[in-house]
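**Student:** Below is a structure I'd like to ask you about.
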Amino acid sequence: MTDIKFATAKPNKIQGSATEWAEQLDGAPKPTAKLPPLPVAKVPQELQTAVEQFLYRQAEILDDKHWDEWLELFTADGHYWMPTNEEQTKADGMPNIFWEDLDLMRVRVKRVNHPRAWSQKPPHKHCHVVSNVVIEKHDAASGDILVRSKFHMAEFRRDNVRHFVGKYRHELKKTKDGYRIKLQRVDLVNAEGPFEYVLLTWL
Amino acid sequence: MDGSITSDIRALVEPDRVHRKCYTDPEIFALEMQNIHENTWIYVGHESQVKNPGDYYTTLVGRQPMVMVRAKDGKVHVLYNRCPHRGALLCPDRHGNTGQTFKCSYHAWRFNLDGSLLKVPVVEQYEGTRFDLSDKQFHMKPAERTESYRGFVFCKLSHGGPDLKTHLSGAIRAFDDMCDRAPEGEVEVVPTCFRMIQKSNWKIFLENQLDAVHPSITHESSGRAAREVEQDIEKRTGKKAPLSYHYISAFTEPFFRWDTLNTMGFPNGHCTLEGYMGLRPRDPDTLEYEAAMEKHYGKKRAEEILGVNLHHVLVYPCLSVQSPLQQLRAVRPISHDRTLTEIWHFRLKGAPEAIYRRSLDYYYLVNAPSTMINADDLDNFWRCHTGLSSEGGDWVSFHRNAGQDPHKDGVYTSVTGMSELPMRHMMKAWTEYMTQGARR
């Protein structure tokens, strides 16, 4: 053991506070920016129900793996988008977790259906709950809709359950065959976190 | 290190097969961390991840939490992310800007960006104690050595041994090839890092990177799917499908094509695999890029650079680099059965936007969390690790073309592309690292 000689403590008056000490080095904190309120459109209950039913139907198609119907949900120029973080404002030319047009979606469908898609042995099962449906914008002339909602999806694969939670934002086109998705944005709550295994299909 | 562990290690690695314990034993993992990852040069990050003073990025080097930071004088430091007072992490976030100092949340100790201790509140209470502001034990501990090559920052946590360039030997091509492909001779990181957790030992990932037998088998489903849609697009539009489809459809190449690719092994465990995707189409974007290259380098040098045919460079034990597509995967072992990969891509400075898009497309299709390619690789890694944890057999076979690896001056060349030379080569280096012990 080292023999240490400590000095006898002299009581003296201590100056300052932790805040003073920190602000002396860093300056006063800057005020936080005020966020604009989230838009909400006033729409008739009937329209609200129709949009909700569309979102529920999409989740059902995905859960039941009706891939042909899934592809039909999108407009010819439609995209499915999952950005890498919530602040991202554009998809094109940037890294994304998902950014798929119909052709890329077709590749994914053909792949999961292939007899030797090894990681699909056995196929994964999943189940969505879609809720908190708020219509942001309703274009009275075209009938087009901008709607945000929340989802919770549980996936089961080889004795493991994974949970995915996040926000949807759909740009819906009104067509003669009902709504079609021009853009579906999916903000996963843990988009910036590490992924335990991949996302096999769309959430 | 005592002789018995050394002989135990040697008994686990034979020229053509490796004992499963190398992958599944937690004690071997601890020894690997000490003798390999915390002993040799490990990739930390790219200088462009920390552009401004105070910018930092945290990561793991072996089991050590490290922080890479840009100081006021522009120098990049790699420090242990730990307050020397009571041990608290100083940067709990993955990245950010720490301002002019690192600040401890516990007792407000302040450190300069080079890790030196700046201030302690009510410091007079330390008078007459063994505490001293200038004493290094009260500063953030730096990595033993930090060096950067063409912007790629590595650190070494043990003293002694070769400098970074000597250590990299033939693997230096990864960084030369990537940077030389930029008309301005430099790359810049795209500030998105995808992180994937693999439920398997870290060596299983490295072994897969240069395995030319698996692509057409493991990725058959994605390759076939992409080929079908590629053909559909061409029929529908009468034009060539985007190059990105080729990245995946190329996986359907027959065995003989894979067999023509050379693999090489360099000192310290580094390996290379030749390219197969033929990334020199004659479209207007490529021609514009090649013109920019000729302008900067002259015709002869530009042709030399563009003629480099690499697919993967494996910088042992920490990196898989795909230089022609500016991708990089850093390996961060977490435990014997869990591995984190940090995946980055880069922009070639001075190259047209369309050339960046190729790198971006590959980053998306192969390396994003929605990847249809690594989906099946990661699945294989998990299957291998789970199987190796069983008692159904003790050995992993690396017999393909064993005993046929021509070598000269420590550089090994495969006789055929599908040879298991890279796996044998890496395990040979592994044995050397593991039996030489740590240098600290």
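So you can find residues: chains in the structure tokens are A, B, ... in the order shown, residues in each start at 1, and ligands are numbered from 1 in order.
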Which residues, written as a PyMOL selection string, have at least one atom at most 12 Å from Ala368 in chain B, with only C-alpha atoms counted and residues fewer than 5 positions away on the same chain left out?
**Tutor:** (chain A and resi 82-84+94-99+191-192+194-195+197-200) or (chain B and resi 192-196+327+329+341-345+360-363+373-375)
**Student:** With N, CA and C atoms retained, could you export that selection as an mmCIF file, in the first residue's frame?
**Tutor:**
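Result file is again.cif:
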data_model
loop_
_atom_site.group_PDB
_atom_site.id
_atom_site.type_symbol
_atom_site.label_atom_id
_atom_site.label_comp_id
_atom_site.auth_asym_id
_atom_site.auth_seq_id
_atom_site.Cartn_x
_atom_site.Cartn_y
_atom_site.Cartn_z
ATOM 1 N N MET A 82 -39.660 4.189 -46.644
ATOM 2 C CA MET A 82 -39.330 4.225 -45.223
ATOM 3 C C MET A 82 -38.004 4.977 -45.080
ATOM 4 N N PRO A 83 -38.083 6.233 -44.617
ATOM 5 C CA PRO A 83 -36.846 7.019 -44.497
ATOM 6 C C PRO A 83 -35.954 6.520 -43.362
ATOM 7 N N THR A 84 -34.724 7.011 -43.326
ATOM 8 C CA THR A 84 -33.776 6.571 -42.292
ATOM 9 C C THR A 84 -33.974 7.342 -40.987
ATOM 10 N N MET A 94 -31.232 9.754 -51.841
ATOM 11 C CA MET A 94 -30.783 9.653 -50.448
ATOM 12 C C MET A 94 -30.863 8.192 -50.010
ATOM 13 N N PRO A 95 -30.091 7.825 -48.986
ATOM 14 C CA PRO A 95 -30.284 6.482 -48.437
ATOM 15 C C PRO A 95 -31.652 6.365 -47.760
ATOM 16 N N ASN A 96 -32.295 5.244 -47.936
ATOM 17 C CA ASN A 96 -33.598 4.963 -47.327
ATOM 18 C C ASN A 96 -33.616 3.530 -46.845
ATOM 19 N N ILE A 97 -34.522 3.238 -45.906
ATOM 20 C CA ILE A 97 -34.670 1.849 -45.474
ATOM 21 C C ILE A 97 -35.508 1.111 -46.518
ATOM 22 N N PHE A 98 -36.555 1.763 -47.018
ATOM 23 C CA PHE A 98 -37.295 1.285 -48.187
ATOM 24 C C PHE A 98 -37.493 2.470 -49.124
ATOM 25 N N TRP A 99 -37.352 2.251 -50.412
ATOM 26 C CA TRP A 99 -37.752 3.233 -51.421
ATOM 27 C C TRP A 99 -38.004 2.423 -52.683
ATOM 28 N N ALA A 191 -36.181 3.621 -36.450
ATOM 29 C CA ALA A 191 -35.522 3.661 -37.764
ATOM 30 C C ALA A 191 -34.013 3.848 -37.647
ATOM 31 N N GLU A 192 -33.581 4.578 -36.634
ATOM 32 C CA GLU A 192 -32.150 4.869 -36.515
ATOM 33 C C GLU A 192 -31.388 3.834 -35.695
ATOM 34 N N PRO A 194 -30.087 -0.153 -34.455
ATOM 35 C CA PRO A 194 -29.597 -1.329 -35.160
ATOM 36 C C PRO A 194 -30.754 -2.291 -35.440
ATOM 37 N N PHE A 195 -30.684 -2.991 -36.541
ATOM 38 C CA PHE A 195 -31.746 -3.939 -36.891
ATOM 39 C C PHE A 195 -31.294 -5.348 -36.562
ATOM 40 N N TYR A 197 -31.690 -8.599 -37.627
ATOM 41 C CA TYR A 197 -32.138 -9.216 -38.867
ATOM 42 C C TYR A 197 -32.858 -8.176 -39.744
ATOM 43 N N VAL A 198 -33.217 -8.564 -40.948
ATOM 44 C CA VAL A 198 -33.700 -7.598 -41.936
ATOM 45 C C VAL A 198 -35.217 -7.469 -41.903
ATOM 46 N N LEU A 199 -35.733 -6.532 -42.686
ATOM 47 C CA LEU A 199 -37.174 -6.414 -42.920
ATOM 48 C C LEU A 199 -37.456 -7.163 -44.215
ATOM 49 N N LEU A 200 -38.162 -8.279 -44.117
ATOM 50 C CA LEU A 200 -38.318 -9.164 -45.277
ATOM 51 C C LEU A 200 -39.307 -8.618 -46.301
ATOM 52 N N THR B 192 -25.201 8.415 -43.345
ATOM 53 C CA THR B 192 -26.192 7.460 -42.850
ATOM 54 C C THR B 192 -25.448 6.160 -42.602
ATOM 55 N N CYS B 193 -25.627 5.605 -41.432
ATOM 56 C CA CYS B 193 -24.984 4.332 -41.125
ATOM 57 C C CYS B 193 -26.070 3.311 -40.830
ATOM 58 N N PHE B 194 -26.141 2.270 -41.660
ATOM 59 C CA PHE B 194 -27.056 1.173 -41.343
ATOM 60 C C PHE B 194 -26.324 0.207 -40.421
ATOM 61 N N ARG B 195 -27.004 -0.187 -39.371
ATOM 62 C CA ARG B 195 -26.395 -1.136 -38.432
ATOM 63 C C ARG B 195 -27.237 -2.404 -38.375
ATOM 64 N N MET B 196 -26.577 -3.536 -38.588
ATOM 65 C CA MET B 196 -27.269 -4.823 -38.598
ATOM 66 C C MET B 196 -26.642 -5.726 -37.546
ATOM 67 N N GLN B 327 -18.558 1.040 -50.856
ATOM 68 C CA GLN B 327 -19.279 0.562 -49.680
ATOM 69 C C GLN B 327 -18.270 0.001 -48.681
ATOM 70 N N ARG B 329 -18.239 -2.213 -44.770
ATOM 71 C CA ARG B 329 -18.918 -2.779 -43.609
ATOM 72 C C ARG B 329 -17.884 -3.011 -42.509
ATOM 73 N N THR B 341 -22.645 -5.070 -37.522
ATOM 74 C CA THR B 341 -21.926 -4.461 -38.641
ATOM 75 C C THR B 341 -22.424 -3.037 -38.816
ATOM 76 N N GLU B 342 -21.484 -2.129 -39.032
ATOM 77 C CA GLU B 342 -21.799 -0.731 -39.320
ATOM 78 C C GLU B 342 -21.524 -0.530 -40.806
ATOM 79 N N ILE B 343 -22.574 -0.139 -41.550
ATOM 80 C CA ILE B 343 -22.453 -0.132 -43.011
ATOM 81 C C ILE B 343 -22.533 1.301 -43.531
ATOM 82 N N TRP B 344 -21.528 1.687 -44.293
ATOM 83 C CA TRP B 344 -21.416 3.054 -44.812
ATOM 84 C C TRP B 344 -21.235 3.024 -46.323
ATOM 85 N N HIS B 345 -21.562 4.145 -46.976
ATOM 86 C CA HIS B 345 -21.124 4.317 -48.360
ATOM 87 C C HIS B 345 -20.619 5.745 -48.553
ATOM 88 N N LEU B 360 -25.345 4.458 -54.302
ATOM 89 C CA LEU B 360 -26.559 4.530 -53.475
ATOM 90 C C LEU B 360 -27.474 3.328 -53.744
ATOM 91 N N ASP B 361 -27.651 2.981 -55.022
ATOM 92 C CA ASP B 361 -28.517 1.845 -55.367
ATOM 93 C C ASP B 361 -27.995 0.546 -54.745
ATOM 94 N N TYR B 362 -26.694 0.378 -54.798
ATOM 95 C CA TYR B 362 -26.111 -0.830 -54.211
ATOM 96 C C TYR B 362 -26.286 -0.820 -52.693
ATOM 97 N N TYR B 363 -26.068 0.362 -52.112
ATOM 98 C CA TYR B 363 -26.241 0.523 -50.656
ATOM 99 C C TYR B 363 -27.661 0.125 -50.266
ATOM 100 N N ILE B 373 -30.772 -9.305 -50.272
ATOM 101 C CA ILE B 373 -29.534 -10.082 -50.429
ATOM 102 C C ILE B 373 -29.054 -10.568 -49.061
ATOM 103 N N ASN B 374 -28.726 -9.624 -48.184
ATOM 104 C CA ASN B 374 -28.217 -10.038 -46.872
ATOM 105 C C ASN B 374 -29.262 -10.779 -46.049
ATOM 106 N N ALA B 375 -30.529 -10.674 -46.442
ATOM 107 C CA ALA B 375 -31.576 -11.442 -45.763
ATOM 108 C C ALA B 375 -31.174 -12.910 -45.709
#
**Student:** Need to verify the contact set: range 33-49 of chain A, 7 Å, only C-alpha atoms, exclusion of same-chain residues closer than 2 positions in sequence. Can you return it as an MDAnalysis selection string?
**Tutor:** chainID A and resid 31 51:53 134:138
**Student:** Print the selection's residues with C-alpha atoms to a file, as a CSV table (one decimal), in the first residue's frame.
**Tutor:**
chain,number,residue,atom,x,y,z
A,31,PRO,CA,-34.4,28.8,-26.9
A,51,VAL,CA,-60.2,6.3,-45.5
A,52,GLU,CA,-59.9,4.2,-42.3
A,53,GLN,CA,-61.4,1.2,-44.2
A,134,VAL,CA,-56.1,11.7,-38.8
A,135,ILE,CA,-56.9,13.1,-42.2
A,136,GLU,CA,-54.6,16.1,-42.8
A,137,LYS,CA,-55.9,17.3,-46.1
A,138,HIS,CA,-58.8,16.6,-48.4
**Student:** At a cut-off of 10 Å, which residues of chain A touch chain B? Count only C-alpha atoms and give the answer as a ChimeraX atom specification.
**Tutor:** /A:4-12,14-18,21-22,25-26,82,84-85,92-99,103-120,191-202
**Student:** Using backbone DSSP assignments, extract all strand (DSSP E or B) residues from range 23-148 of chain B; output them as a PyMOL selection string.
**Tutor:** chain B and resi 41-46+55-61+64-70+76-80+95-97+102-103+110-111+117-119+142+145-148
**Student:** Dump N, CA and C atoms for the selected residues as a compact mmCIF listing (two decimals), in the first residue's frame?
**Tutor:**
# COMPACT_ATOMS: atom_id res chain seq x y z
N TRP B 41 -4.60 -3.08 -35.70
CA TRP B 41 -5.23 -1.87 -36.23
C TRP B 41 -6.70 -2.14 -36.54
N ILE B 42 -7.57 -1.32 -35.99
CA ILE B 42 -9.01 -1.47 -36.19
C ILE B 42 -9.57 -0.19 -36.78
N TYR B 43 -10.47 -0.35 -37.76
CA TYR B 43 -11.10 0.81 -38.40
C TYR B 43 -12.05 1.49 -37.42
N VAL B 44 -11.92 2.80 -37.30
CA VAL B 44 -12.80 3.57 -36.42
C VAL B 44 -13.87 4.27 -37.25
N GLY B 45 -13.46 5.05 -38.23
CA GLY B 45 -14.42 5.77 -39.06
C GLY B 45 -13.69 6.62 -40.09
N HIS B 46 -14.47 7.36 -40.87
CA HIS B 46 -13.87 8.22 -41.89
C HIS B 46 -13.81 9.65 -41.37
N ASP B 55 -17.26 17.75 -33.46
CA ASP B 55 -18.01 16.62 -34.03
C ASP B 55 -17.40 15.32 -33.51
N TYR B 56 -18.27 14.40 -33.10
CA TYR B 56 -17.74 13.12 -32.63
C TYR B 56 -18.60 11.96 -33.12
N TYR B 57 -18.02 10.79 -33.11
CA TYR B 57 -18.70 9.55 -33.46
C TYR B 57 -18.22 8.48 -32.49
N THR B 58 -19.11 7.72 -31.92
CA THR B 58 -18.68 6.68 -31.00
C THR B 58 -18.76 5.31 -31.68
N THR B 59 -17.93 4.40 -31.23
CA THR B 59 -18.00 3.03 -31.74
C THR B 59 -17.30 2.10 -30.76
N LEU B 60 -17.28 0.83 -31.11
CA LEU B 60 -16.58 -0.16 -30.29
C LEU B 60 -15.31 -0.59 -31.00
N VAL B 61 -14.21 -0.65 -30.27
CA VAL B 61 -12.99 -1.27 -30.78
C VAL B 61 -12.72 -2.43 -29.84
N GLN B 64 -13.96 -2.13 -26.24
CA GLN B 64 -13.75 -0.80 -25.67
C GLN B 64 -14.62 0.26 -26.36
N PRO B 65 -15.36 1.05 -25.56
CA PRO B 65 -16.14 2.13 -26.16
C PRO B 65 -15.21 3.30 -26.50
N MET B 66 -15.13 3.64 -27.78
CA MET B 66 -14.20 4.69 -28.21
C MET B 66 -14.98 5.84 -28.83
N VAL B 67 -14.38 7.02 -28.81
CA VAL B 67 -14.99 8.15 -29.47
C VAL B 67 -13.96 8.80 -30.39
N MET B 68 -14.37 9.02 -31.64
CA MET B 68 -13.52 9.72 -32.61
C MET B 68 -14.01 11.16 -32.64
N VAL B 69 -13.10 12.11 -32.48
CA VAL B 69 -13.50 13.52 -32.36
C VAL B 69 -12.55 14.42 -33.14
N ARG B 70 -13.11 15.49 -33.70
CA ARG B 70 -12.28 16.49 -34.39
C ARG B 70 -11.97 17.60 -33.40
N VAL B 76 -7.81 14.74 -35.78
CA VAL B 76 -8.81 13.75 -35.34
C VAL B 76 -8.18 12.88 -34.25
N HIS B 77 -8.86 12.81 -33.12
CA HIS B 77 -8.38 12.00 -32.00
C HIS B 77 -9.32 10.81 -31.80
N VAL B 78 -8.76 9.71 -31.31
CA VAL B 78 -9.58 8.57 -30.90
C VAL B 78 -9.30 8.34 -29.41
N LEU B 79 -10.35 8.48 -28.60
CA LEU B 79 -10.22 8.44 -27.14
C LEU B 79 -11.16 7.39 -26.56
N TYR B 80 -10.82 6.88 -25.39
CA TYR B 80 -11.76 6.03 -24.67
C TYR B 80 -12.91 6.94 -24.22
N HIS B 95 -23.51 9.88 -32.11
CA HIS B 95 -22.74 10.95 -32.74
C HIS B 95 -23.37 12.29 -32.40
N GLY B 96 -22.63 13.35 -32.66
CA GLY B 96 -23.14 14.68 -32.38
C GLY B 96 -22.00 15.68 -32.37
N ASN B 97 -22.27 16.84 -31.79
CA ASN B 97 -21.21 17.83 -31.61
C ASN B 97 -21.17 18.16 -30.13
N PHE B 102 -15.72 18.13 -23.84
CA PHE B 102 -16.53 17.00 -23.39
C PHE B 102 -16.96 17.32 -21.96
N LYS B 103 -18.23 17.04 -21.65
CA LYS B 103 -18.76 17.39 -20.34
C LYS B 103 -19.26 16.12 -19.66
N ARG B 110 -14.66 18.71 -17.16
CA ARG B 110 -14.62 19.18 -18.55
C ARG B 110 -13.28 18.80 -19.18
N PHE B 111 -13.38 18.31 -20.43
CA PHE B 111 -12.18 17.89 -21.14
C PHE B 111 -12.07 18.62 -22.47
N LEU B 117 -7.68 17.18 -19.54
CA LEU B 117 -8.62 17.71 -18.55
C LEU B 117 -8.50 19.23 -18.51
N LEU B 118 -9.64 19.90 -18.68
CA LEU B 118 -9.64 21.37 -18.69
C LEU B 118 -9.98 21.92 -17.31
N LYS B 119 -11.06 21.47 -16.73
CA LYS B 119 -11.57 22.08 -15.50
C LYS B 119 -12.35 21.07 -14.67
N PRO B 142 -6.27 8.29 -24.53
CA PRO B 142 -6.31 8.14 -25.99
C PRO B 142 -5.99 6.70 -26.39
N ARG B 145 -2.40 4.21 -30.42
CA ARG B 145 -1.97 4.82 -31.69
C ARG B 145 -3.20 5.11 -32.54
N THR B 146 -3.16 6.24 -33.25
CA THR B 146 -4.21 6.58 -34.21
C THR B 146 -3.53 7.00 -35.49
N GLU B 147 -3.94 6.39 -36.62
CA GLU B 147 -3.39 6.78 -37.91
C GLU B 147 -4.51 6.78 -38.92
N SER B 148 -4.32 7.61 -39.95
CA SER B 148 -5.35 7.64 -40.97
C SER B 148 -4.70 7.45 -42.34
**Student:** If you measure from CA of Lys136 in chain B to CA of Ala88 in chain B, what distance in Å do you get, rounded to one decimal?
**Tutor:** 17.2 Å
**Student:** If you run DSSP on the backbone here, which positions in range 46-248 of chain B get alpha helix (DSSP H)? Please write them as a PyMOL selection string.
**Tutor:** chain B and resi 164-168+173-180+202-209+215-218+220-237+243-248
**Student:** Can I get the selection written as a PDB file, in the first residue's frame, with C-alpha atoms?
**Tutor:**
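Okay, out-v3.pdb is ready:
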ATOM      1  CA  LEU B 164      -0.909   1.235 -40.392  1.00  0.00           C
ATOM      2  CA  LYS B 165       0.394   1.131 -43.981  1.00  0.00           C
ATOM      3  CA  THR B 166       2.711  -1.773 -43.262  1.00  0.00           C
ATOM      4  CA  HIS B 167      -0.072  -3.601 -41.441  1.00  0.00           C
ATOM      5  CA  LEU B 168      -2.519  -3.138 -44.340  1.00  0.00           C
ATOM      6  CA  ARG B 173      -5.874  -1.377 -52.385  1.00  0.00           C
ATOM      7  CA  ALA B 174      -9.296  -1.028 -50.753  1.00  0.00           C
ATOM      8  CA  PHE B 175      -8.663   2.635 -49.967  1.00  0.00           C
ATOM      9  CA  ASP B 176      -6.506   3.425 -52.993  1.00  0.00           C
ATOM     10  CA  ASP B 177      -9.056   1.949 -55.366  1.00  0.00           C
ATOM     11  CA  MET B 178     -11.959   3.751 -53.695  1.00  0.00           C
ATOM     12  CA  CYS B 179     -10.252   7.161 -53.545  1.00  0.00           C
ATOM     13  CA  ASP B 180      -8.535   6.927 -56.936  1.00  0.00           C
ATOM     14  CA  TRP B 202     -17.834 -12.393 -36.357  1.00  0.00           C
ATOM     15  CA  LYS B 203     -15.601 -14.760 -38.343  1.00  0.00           C
ATOM     16  CA  ILE B 204     -18.612 -16.339 -40.061  1.00  0.00           C
ATOM     17  CA  PHE B 205     -19.349 -12.933 -41.614  1.00  0.00           C
ATOM     18  CA  LEU B 206     -15.757 -12.385 -42.782  1.00  0.00           C
ATOM     19  CA  GLU B 207     -15.592 -15.873 -44.292  1.00  0.00           C
ATOM     20  CA  ASN B 208     -18.744 -15.234 -46.284  1.00  0.00           C
ATOM     21  CA  GLN B 209     -17.436 -12.034 -47.877  1.00  0.00           C
ATOM     22  CA  PRO B 215     -23.707 -16.224 -54.164  1.00  0.00           C
ATOM     23  CA  SER B 216     -25.547 -18.131 -56.879  1.00  0.00           C
ATOM     24  CA  ILE B 217     -26.899 -20.591 -54.299  1.00  0.00           C
ATOM     25  CA  THR B 218     -27.812 -18.390 -51.342  1.00  0.00           C
ATOM     26  CA  GLU B 220     -30.721 -17.573 -56.224  1.00  0.00           C
ATOM     27  CA  SER B 221     -34.230 -16.390 -55.285  1.00  0.00           C
ATOM     28  CA  SER B 222     -33.349 -12.688 -55.406  1.00  0.00           C
ATOM     29  CA  GLY B 223     -31.160 -13.111 -58.475  1.00  0.00           C
ATOM     30  CA  ARG B 224     -33.906 -14.897 -60.427  1.00  0.00           C
ATOM     31  CA  ALA B 225     -36.564 -12.400 -59.291  1.00  0.00           C
ATOM     32  CA  ALA B 226     -34.426  -9.432 -60.353  1.00  0.00           C
ATOM     33  CA  ARG B 227     -33.590 -11.068 -63.688  1.00  0.00           C
ATOM     34  CA  GLU B 228     -37.280 -11.623 -64.477  1.00  0.00           C
ATOM     35  CA  VAL B 229     -38.221  -8.033 -63.677  1.00  0.00           C
ATOM     36  CA  GLU B 230     -35.124  -6.743 -65.518  1.00  0.00           C
ATOM     37  CA  GLN B 231     -36.300  -8.607 -68.634  1.00  0.00           C
ATOM     38  CA  ASP B 232     -39.874  -7.324 -68.148  1.00  0.00           C
ATOM     39  CA  ILE B 233     -38.621  -3.738 -67.994  1.00  0.00           C
ATOM     40  CA  GLU B 234     -36.556  -4.194 -71.145  1.00  0.00           C
ATOM     41  CA  LYS B 235     -39.488  -5.713 -73.008  1.00  0.00           C
ATOM     42  CA  ARG B 236     -41.895  -3.030 -71.794  1.00  0.00           C
ATOM     43  CA  THR B 237     -39.683   0.002 -72.411  1.00  0.00           C
ATOM     44  CA  LEU B 243     -27.879  -1.008 -63.688  1.00  0.00           C
ATOM     45  CA  SER B 244     -29.185  -1.617 -60.166  1.00  0.00           C
ATOM     46  CA  TYR B 245     -31.156  -4.674 -61.394  1.00  0.00           C
ATOM     47  CA  HIS B 246     -27.903  -6.104 -62.666  1.00  0.00           C
ATOM     48  CA  TYR B 247     -26.412  -5.871 -59.130  1.00  0.00           C
ATOM     49  CA  ILE B 248     -28.881  -8.525 -58.064  1.00  0.00           C
TER      50      ILE B 248
END
**Student:** Could you check how far CA of Ser131 in chain A sits from CA of Asn190 in chain A, in Å to one decimal?
**Tutor:**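 That distance, rounded to one decimal, is 18.6 Å.
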**Student:** If we count only C-alpha atoms and set the cut-off at 7 Å, which residues sit around range 282-293 of chain B, ignoring sequence neighbours fewer than 4 positions away in its own chain? Please answer as a list in words.
**Tutor:**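 Neighbouring residues, sequence-local ones excluded: Pro183, Tyr297, Ala302, Ala351, Pro352 and Ala354 of chain B.
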**Student:** Selection from above, N, CA and C atoms, as a short mmCIF file (atom, residue, chain, number, x, y, z; two decimals), in the first residue's frame, can you write it?
**Tutor:**
data_model
loop_
_atom_site.label_atom_id
_atom_site.label_comp_id
_atom_site.auth_asym_id
_atom_site.auth_seq_id
_atom_site.Cartn_x
_atom_site.Cartn_y
_atom_site.Cartn_z
N PRO B 183 -12.49 11.64 -59.21
CA PRO B 183 -11.65 12.54 -60.00
C PRO B 183 -10.77 13.43 -59.11
N TYR B 297 -6.60 12.84 -64.29
CA TYR B 297 -5.48 11.91 -64.15
C TYR B 297 -4.67 11.71 -65.44
N ALA B 302 -5.97 7.20 -65.79
CA ALA B 302 -7.42 7.00 -65.62
C ALA B 302 -7.79 5.57 -66.02
N ALA B 351 -17.09 13.41 -59.01
CA ALA B 351 -17.78 12.53 -59.96
C ALA B 351 -19.22 13.01 -60.16
N PRO B 352 -19.81 12.77 -61.36
CA PRO B 352 -21.19 13.20 -61.59
C PRO B 352 -22.16 12.51 -60.63
N ALA B 354 -24.84 10.96 -61.18
CA ALA B 354 -25.30 9.64 -61.64
C ALA B 354 -24.38 8.52 -61.15
#
**Student:** Between CA of Ile334 in chain B and CA of Lys21 in chain B, measure the distance and give it in Å to one decimal.
**Tutor:** 16.9 Å
**Student:** Nearest residue to Val133 in chain A out of A:Lys182, A:Lys176, A:Lys13, A:His170, using only C-alpha atoms?
**Tutor:**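 Ranking A:Lys182, A:Lys176, A:Lys13, A:His170 by distance to Val133 in chain A, first place goes to A:His170.
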